[in-house]
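Participant: Handing you a structure now.
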Amino acid sequence: MQNFWLTLPRPVLILAPMANITNSSFRQTVMKYKRPTVFFTEFVSADGLCSAGKEKLLPDLYFAPSERPIVAQLFGAKAGAMERASSLCASLGFDGIDINMGCPDRGVEAQGAGAAMIKTPEVAQEIILAARRGAPDLPISVKTRLGFNEVEIETWIPALLKSGLEAITIHGRTRKELSKVPARWEEIARAAKIARRLSPETLVIGNGDVRTLAEAKEKTERYKLDGVMVGRAVLGQPWFFTGEEHPRDLRERLDALLYHATLFDNLFGKTKNFLDMRKHAAAYVSGVEGAKDLRVRLLTTSTLKELRHVIVGALSVQS
């Protein structure tokens with residue numbers, strides 16, 4: 001097995017998988033400024049990849065060679081589907097497989113997947129082994145939480161590592177807490193100690209409430225982790241991994257948005273809804289003084305042409 005995780009410089013910095021956000025157009029926009037150490041895809045249903053609707057999901061697994069190392073994130077509670085989906089991802093050339101065992105979405109949990117896995121550790125172990133069978137040459141990792149209703153890292157982390165993992169990402173909240181409380185990094189550190197005792201070669205990544213690159217590096221060192229996964233802080237700030245904390249002006253933000261939207265249209269114009277760009281559009285101008293009306297106009301666009309028209313108009317006013 002080629003375990004790319006062991007070859008990475010520290011700290012390992014990862015762009016978190018976010019549904020309808022972290023597709024290749026966003027990842028490539030991030031790369032325009034500075035890439036993280038590792039990219040993840042959006043999370044994709046293993047069951048869906050084994051169904052008649054497979055073709056609709058394949059765009060979520062698209063990546064450019066320049067995005068490597070890149071990990072395909074899957075979710076599902078059926079071992080057979082996870083094995084076949086992992087095999088597919090291996091054939092597509094991914095560098096690793098990650099299994100989502102932390103998503104609190106009720107639809108995902110209704111399948112026994114995502115955070116619901118925390119309640120069924122035996123099933124979680126079967127799913128990890130199924131991914132291993134499907135992609136025997138790729139490292140397998142898991143993204144999860146501290147527990148379901150309460151912190152249960154003393155039992156949950158050992159249960160996961162029993163099936164063998166090359167990396168584990170721990171979000172510093174329980175399923176019950178969602179994102180309503182601050183991430184508990186001391187508990188992440190405690191989980192890391194448990195993991196190191198049981199599986200010293202498994203990388204431990206922390207996740208939750210990281211707002212700057214400096215903070216990511218500081219948390220890696222303070223809590224003795226191998227790295228940090230960052231999600232929401234990168235939305236609307238594809239330059240996050242440069243570490244530059246000075247605010248970008250409106251022109252820079254709109255230039256980045258247009259670059260991103262053009263990439264999205266080129267890559268996914270026939271397979272994804274351009275409305276997916278609205279969340280990005282709002283984020284690019286978030287916090288900019290006097291941009292409220294512009295934000296409203298951006299959120300009414302439904303094509304690249306309309307978005308470009310709004311941006312060009314806003315930039316002409318700036319000139």
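Within each chain, counting starts at residue 1; across the structure tokens, chains are named A, B, ... in the order shown, with ligands numbered 1 upward in that order.
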Can you tell me, as an MDAnalysis selection string, what residues are no more than 7 Å from segment 138-148 of chain A when counting only C-alpha atoms, ignoring any on the same chain fewer than 4 positions away?

Facilitator: chainID A and resid 1:3 95:102 115 118 132 152:153 165:176

Participant: Going by DSSP on the backbone, which bits of segment 98-232 of chain A are helix (DSSP H, G or I)? Write them as a PyMOL selection string, please.

Facilitator: chain A and resi 106-110+114-119+121-134+153-161+185-198+213-222+232

Participant: May I ask which of the residues A:Glu67, A:Phe264, A:Tyr62, A:Leu213 is the closest one to Trp239 of chain A, counting only C-alpha atoms?

Facilitator: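 Closest residue, counting only C-alpha atoms: A:Leu213.
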
Participant: Return the single residue from A:Leu88, A:Ile128, A:Leu160, A:Ala77 that is closest to Gly114 of chain A, with distances computed using only C-alpha atoms.

Facilitator: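 Using only C-alpha atoms, Gly114 of chain A sits closest to A:Ala77.
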
Participant: For Leu15 of chain A, which residue out of A:Gln28, A:Gln125, A:Ser316, A:Thr37 is the nearest one, using only C-alpha atoms?

Facilitator: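 Of A:Gln28, A:Gln125, A:Ser316, A:Thr37, the one nearest Leu15 of chain A, counting only C-alpha atoms, is A:Thr37.
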